[in-house]
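Colleague: Input: one structure, supplied below.
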Amino acid sequence: MTSLSGARKWAAARLREMGIESPAAEAELMLLHATGLSRPALAARGREPAGDRAFENLKEIVERRRAGEPLQYILGGWEFYGCTLKVRPGVLIPRQDTEVLVEIALPLIPEGGRFLDWGTGTGCLPLALLSERRDITAIAADANPLAVALAWHNLSSAGVLHRCLLWHSREPGDIPVEDGELSVLVSNPPYIPSQDLPGLMKEVRAEPVSALDGGEDGLAWYRKLFEWGPAKVRPGGWVLFEIGDGRQGERLAEISPENLEFRGVFQDLSGKPRAALWHRV
């Protein structure tokens, strides 16, 4: 019978054949999920038999990955900025790239400040920020009712829901926020140009199109936020967006309104341009 260590190596080999970027890491996560073991237990019991049921579970998970299903949807959970989030099909998967928004926003929100996250998805941004700062409050909005329900679950599970107003709305203008109420407006909006969607990786195409499609030039939702957002941010506050690349950041700097002073593009942990920041003047 295959050992736990052998099962992990088998899964890693299959994933490598598929061209998965981190086959060993994914194989370990899959085996943990298939067996219900913790990492320390798996390390200590590597020579023990995997068991027929666990190995069958593992093979099923590998086949789902072969079919293009994202690992996060298979596992049903993922980590973001040290927080464990529930994830599900129909809602955008939180990515490590987006953690740079948390790093930038944390020192910008004053004591007692309020921020708004438009397009909250799983609620990863408000969850991370509210977990780090007990003195601030949030509004989190999304057009997707599945996302709002999932964000409610994640924020509630983390014990921070009482400091966050969740709002279901497709249009930013429908969100109940007063002029000058916000210290920071943050968003990871859909920013992929419509014509580029068919060329995305199969597993990315498994995520909701509404969370990816940024219109003809990828800037449609930024324009909506530029029209609505600056009035809601107090003078001296900040507007912070995730971006797809440096060129997108340059274009946003060109089309941003006069009451926003562009402060530059910031890189994520992999060194790619990932965030653009404006100061409300």
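Identifiers for the structure tokens are assigned positionally: chains receive A, B, ... in sequence, residues are indexed from 1 per chain, and ligands are indexed from 1 in the order shown.
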Excluding range 201-210 of chain A and residues on its chain fewer than 4 positions from it, collect all residues at most 8 Å away from it, counting only C-alpha atoms, and give them as a PyMOL selection string.
Modeller: chain A and resi 68-70+89-93+190+197
Colleague: Go ahead and write the residues just picked, N, CA and C atoms, as a short mmCIF file (atom, residue, chain, number, x, y, z; two decimals), in the first residue's frame.
Modeller:
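Result written to selection.cif:
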```cif
data_model
loop_
_atom_site.label_atom_id
_atom_site.label_comp_id
_atom_site.auth_asym_id
_atom_site.auth_seq_id
_atom_site.Cartn_x
_atom_site.Cartn_y
_atom_site.Cartn_z
N GLY A 68 -9.05 21.58 -14.64
CA GLY A 68 -8.95 23.03 -14.62
C GLY A 68 -9.61 23.71 -13.45
N GLU A 69 -10.05 22.94 -12.45
CA GLU A 69 -10.69 23.55 -11.28
C GLU A 69 -9.62 24.15 -10.38
N PRO A 70 -9.79 25.39 -9.93
CA PRO A 70 -8.79 25.99 -9.05
C PRO A 70 -8.64 25.22 -7.74
N PRO A 89 -16.84 28.44 -5.42
CA PRO A 89 -17.06 28.80 -6.82
C PRO A 89 -18.07 29.94 -6.92
N GLY A 90 -17.85 30.81 -7.90
CA GLY A 90 -18.73 31.95 -8.09
C GLY A 90 -18.24 33.21 -7.44
N VAL A 91 -17.14 33.12 -6.67
CA VAL A 91 -16.56 34.29 -6.01
C VAL A 91 -15.06 34.30 -6.30
N LEU A 92 -14.52 35.48 -6.61
CA LEU A 92 -13.10 35.61 -6.95
C LEU A 92 -12.21 35.08 -5.82
N ILE A 93 -11.17 34.37 -6.20
CA ILE A 93 -10.23 33.80 -5.24
C ILE A 93 -9.26 34.89 -4.77
N PRO A 190 -12.56 44.68 -11.34
CA PRO A 190 -12.26 43.94 -12.58
C PRO A 190 -11.41 44.81 -13.49
N LEU A 197 -9.89 38.05 -22.07
CA LEU A 197 -10.46 37.00 -21.22
C LEU A 197 -10.31 35.59 -21.80
#
```
Colleague: Might you pull out every residue within 9 Å of Ile104 in chain A, with only C-alpha atoms counted and same-chain residues fewer than 6 positions away left off, and present them as a list in words?
Modeller: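 In the requested format, the answer is Leu240, Phe266, Ala275 and Leu277 of chain A.
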Colleague: Output as JSON, numbers by chain all residues of range 192-244 of chain A that backbone DSSP marks as helix (DSSP H, G or I).
Modeller: {"A": [194, 195, 196, 197, 198, 199, 202, 203, 204, 205, 209, 210, 211, 220, 221, 222, 223, 224, 225, 226, 227, 228, 229, 230, 231, 232]}
Colleague: Could you take the residues named above and write them with N, CA and C atoms, as a PDB file, in the first residue's frame?
Modeller:
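Heads up, here's the output in out20.pdb:
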```pdb
ATOM      1  N   SER A 194     -11.747  43.041 -21.959  1.00  0.00           N
ATOM      2  CA  SER A 194     -12.677  41.981 -22.372  1.00  0.00           C
ATOM      3  C   SER A 194     -12.069  41.044 -23.407  1.00  0.00           C
ATOM      4  N   GLN A 195     -11.311  41.601 -24.363  1.00  0.00           N
ATOM      5  CA  GLN A 195     -10.764  40.770 -25.434  1.00  0.00           C
ATOM      6  C   GLN A 195      -9.667  39.824 -24.947  1.00  0.00           C
ATOM      7  N   ASP A 196      -9.133  40.067 -23.738  1.00  0.00           N
ATOM      8  CA  ASP A 196      -8.073  39.212 -23.204  1.00  0.00           C
ATOM      9  C   ASP A 196      -8.613  38.037 -22.395  1.00  0.00           C
ATOM     10  N   LEU A 197      -9.892  38.048 -22.073  1.00  0.00           N
ATOM     11  CA  LEU A 197     -10.456  37.001 -21.217  1.00  0.00           C
ATOM     12  C   LEU A 197     -10.309  35.592 -21.795  1.00  0.00           C
ATOM     13  N   PRO A 198     -10.557  35.390 -23.119  1.00  0.00           N
ATOM     14  CA  PRO A 198     -10.429  34.023 -23.652  1.00  0.00           C
ATOM     15  C   PRO A 198      -9.025  33.453 -23.547  1.00  0.00           C
ATOM     16  N   GLY A 199      -8.014  34.302 -23.432  1.00  0.00           N
ATOM     17  CA  GLY A 199      -6.642  33.834 -23.367  1.00  0.00           C
ATOM     18  C   GLY A 199      -6.134  33.552 -21.965  1.00  0.00           C
ATOM     19  N   LYS A 202      -6.896  28.324 -17.912  1.00  0.00           N
ATOM     20  CA  LYS A 202      -8.169  27.624 -17.737  1.00  0.00           C
ATOM     21  C   LYS A 202      -8.706  27.778 -16.325  1.00  0.00           C
ATOM     22  N   GLU A 203      -7.834  27.685 -15.323  1.00  0.00           N
ATOM     23  CA  GLU A 203      -8.312  27.772 -13.947  1.00  0.00           C
ATOM     24  C   GLU A 203      -8.774  29.182 -13.596  1.00  0.00           C
ATOM     25  N   VAL A 204      -8.181  30.204 -14.212  1.00  0.00           N
ATOM     26  CA  VAL A 204      -8.649  31.575 -13.983  1.00  0.00           C
ATOM     27  C   VAL A 204     -10.019  31.767 -14.626  1.00  0.00           C
ATOM     28  N   ARG A 205     -10.223  31.147 -15.794  1.00  0.00           N
ATOM     29  CA  ARG A 205     -11.517  31.257 -16.462  1.00  0.00           C
ATOM     30  C   ARG A 205     -12.624  30.562 -15.672  1.00  0.00           C
ATOM     31  N   VAL A 209     -16.678  35.712 -14.356  1.00  0.00           N
ATOM     32  CA  VAL A 209     -16.279  36.701 -15.358  1.00  0.00           C
ATOM     33  C   VAL A 209     -16.534  38.115 -14.857  1.00  0.00           C
ATOM     34  N   SER A 210     -17.600  38.295 -14.101  1.00  0.00           N
ATOM     35  CA  SER A 210     -17.951  39.629 -13.607  1.00  0.00           C
ATOM     36  C   SER A 210     -16.866  40.218 -12.714  1.00  0.00           C
ATOM     37  N   ALA A 211     -16.047  39.368 -12.103  1.00  0.00           N
ATOM     38  CA  ALA A 211     -14.970  39.845 -11.238  1.00  0.00           C
ATOM     39  C   ALA A 211     -13.670  40.072 -12.000  1.00  0.00           C
ATOM     40  N   ALA A 220     -12.987  50.270 -17.214  1.00  0.00           N
ATOM     41  CA  ALA A 220     -14.383  50.681 -17.053  1.00  0.00           C
ATOM     42  C   ALA A 220     -14.756  50.933 -15.601  1.00  0.00           C
ATOM     43  N   TRP A 221     -14.371  50.034 -14.705  1.00  0.00           N
ATOM     44  CA  TRP A 221     -14.766  50.186 -13.301  1.00  0.00           C
ATOM     45  C   TRP A 221     -13.941  51.242 -12.590  1.00  0.00           C
ATOM     46  N   TYR A 222     -12.709  51.445 -13.019  1.00  0.00           N
ATOM     47  CA  TYR A 222     -11.932  52.547 -12.455  1.00  0.00           C
ATOM     48  C   TYR A 222     -12.614  53.880 -12.752  1.00  0.00           C
ATOM     49  N   ARG A 223     -13.130  54.028 -13.972  1.00  0.00           N
ATOM     50  CA  ARG A 223     -13.800  55.275 -14.329  1.00  0.00           C
ATOM     51  C   ARG A 223     -15.010  55.516 -13.432  1.00  0.00           C
ATOM     52  N   LYS A 224     -15.789  54.458 -13.182  1.00  0.00           N
ATOM     53  CA  LYS A 224     -16.945  54.604 -12.293  1.00  0.00           C
ATOM     54  C   LYS A 224     -16.511  55.043 -10.897  1.00  0.00           C
ATOM     55  N   LEU A 225     -15.445  54.445 -10.405  1.00  0.00           N
ATOM     56  CA  LEU A 225     -14.972  54.791  -9.070  1.00  0.00           C
ATOM     57  C   LEU A 225     -14.394  56.200  -9.032  1.00  0.00           C
ATOM     58  N   PHE A 226     -13.747  56.622 -10.107  1.00  0.00           N
ATOM     59  CA  PHE A 226     -13.238  57.990 -10.173  1.00  0.00           C
ATOM     60  C   PHE A 226     -14.380  59.008 -10.182  1.00  0.00           C
ATOM     61  N   GLU A 227     -15.484  58.668 -10.822  1.00  0.00           N
ATOM     62  CA  GLU A 227     -16.633  59.575 -10.874  1.00  0.00           C
ATOM     63  C   GLU A 227     -17.281  59.747  -9.506  1.00  0.00           C
ATOM     64  N   TRP A 228     -17.313  58.689  -8.754  1.00  0.00           N
ATOM     65  CA  TRP A 228     -18.059  58.674  -7.493  1.00  0.00           C
ATOM     66  C   TRP A 228     -17.187  58.857  -6.251  1.00  0.00           C
ATOM     67  N   GLY A 229     -16.010  58.236  -6.267  1.00  0.00           N
ATOM     68  CA  GLY A 229     -15.236  58.086  -5.050  1.00  0.00           C
ATOM     69  C   GLY A 229     -14.623  59.318  -4.422  1.00  0.00           C
ATOM     70  N   PRO A 230     -13.980  60.213  -5.192  1.00  0.00           N
ATOM     71  CA  PRO A 230     -13.265  61.314  -4.556  1.00  0.00           C
ATOM     72  C   PRO A 230     -14.114  62.161  -3.613  1.00  0.00           C
ATOM     73  N   ALA A 231     -15.379  62.385  -3.942  1.00  0.00           N
ATOM     74  CA  ALA A 231     -16.238  63.181  -3.056  1.00  0.00           C
ATOM     75  C   ALA A 231     -16.478  62.482  -1.729  1.00  0.00           C
ATOM     76  N   LYS A 232     -16.410  61.163  -1.717  1.00  0.00           N
ATOM     77  CA  LYS A 232     -16.668  60.404  -0.490  1.00  0.00           C
ATOM     78  C   LYS A 232     -15.442  60.329   0.412  1.00  0.00           C
TER      79      LYS A 232
END
```
Colleague: Would you kindly return, as a list in words, each protein, DNA or RNA residue with an atom no farther than 9 Å from any atom of Pro23 in chain A, considering only C-alpha atoms and excluding same-chain residues fewer than 6 positions away?
Modeller: Ala11, Ala12, Ala13, Arg14, Leu15 and Arg16 of chain A
Colleague: For those residues, write N, CA and C atoms to a file as a tab-separated table (two decimals), in the first residue's frame.
Modeller:
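Produced file again08.tsv, reproduced below:
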```
chain	number	residue	atom	x	y	z
A	11	ALA	N	1.22	12.53	-6.29
A	11	ALA	CA	0.41	13.70	-6.66
A	11	ALA	C	1.28	14.79	-7.28
A	12	ALA	N	2.46	15.01	-6.69
A	12	ALA	CA	3.36	16.04	-7.22
A	12	ALA	C	3.78	15.71	-8.65
A	13	ALA	N	4.04	14.44	-8.92
A	13	ALA	CA	4.43	14.03	-10.27
A	13	ALA	C	3.30	14.27	-11.27
A	14	ARG	N	2.07	13.95	-10.87
A	14	ARG	CA	0.93	14.18	-11.76
A	14	ARG	C	0.76	15.68	-12.03
A	15	LEU	N	0.90	16.49	-10.99
A	15	LEU	CA	0.74	17.93	-11.15
A	15	LEU	C	1.85	18.52	-12.01
A	16	ARG	N	3.04	17.99	-11.87
A	16	ARG	CA	4.17	18.45	-12.69
A	16	ARG	C	3.90	18.17	-14.16
```
Colleague: From a DSSP calculation on the backbone, collect every residue of range 23-272 of chain A in strand (DSSP E) and output the set as an MDAnalysis selection string.
Modeller: chainID A and resid 77:80 83:86 114:118 137:142 164:168 182:187 233:242 260:267
Colleague: Using only C-alpha atoms, find the one residue out of A:Leu75, A:Asp217, A:Leu130, A:Thr98 that sits nearest to Ala276 in chain A.
Modeller: A:Thr98
Colleague: Identify, on the basis of only C-alpha atoms, every residue whose closest approach to Ala128 in chain A does not exceed 10 Å; exclude the query and any residue fewer than 6 positions from it along the same chain; express the result as a PyMOL selection string.
Modeller: chain A and resi 80-84+99+102-103+106+155+158+160
Colleague: Separation of CA of Ile255 in chain A and CA of Gly121 in chain A, in Å?
Modeller: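 The value is 25.8 Å.
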Colleague: Pick from A:Glu242, A:Glu216, A:Glu21, A:Asp52: nearest to Met1 in chain A, with only C-alpha atoms counted?
Modeller: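 Ranking A:Glu242, A:Glu216, A:Glu21, A:Asp52 by distance to Met1 in chain A, first place goes to A:Asp52.
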Colleague: Given only C-alpha atoms as the basis, pick out the residue of A:Ser169, A:Ser38, A:Ser256, A:Ser183 nearest to Val148 in chain A.
Modeller: A:Ser169
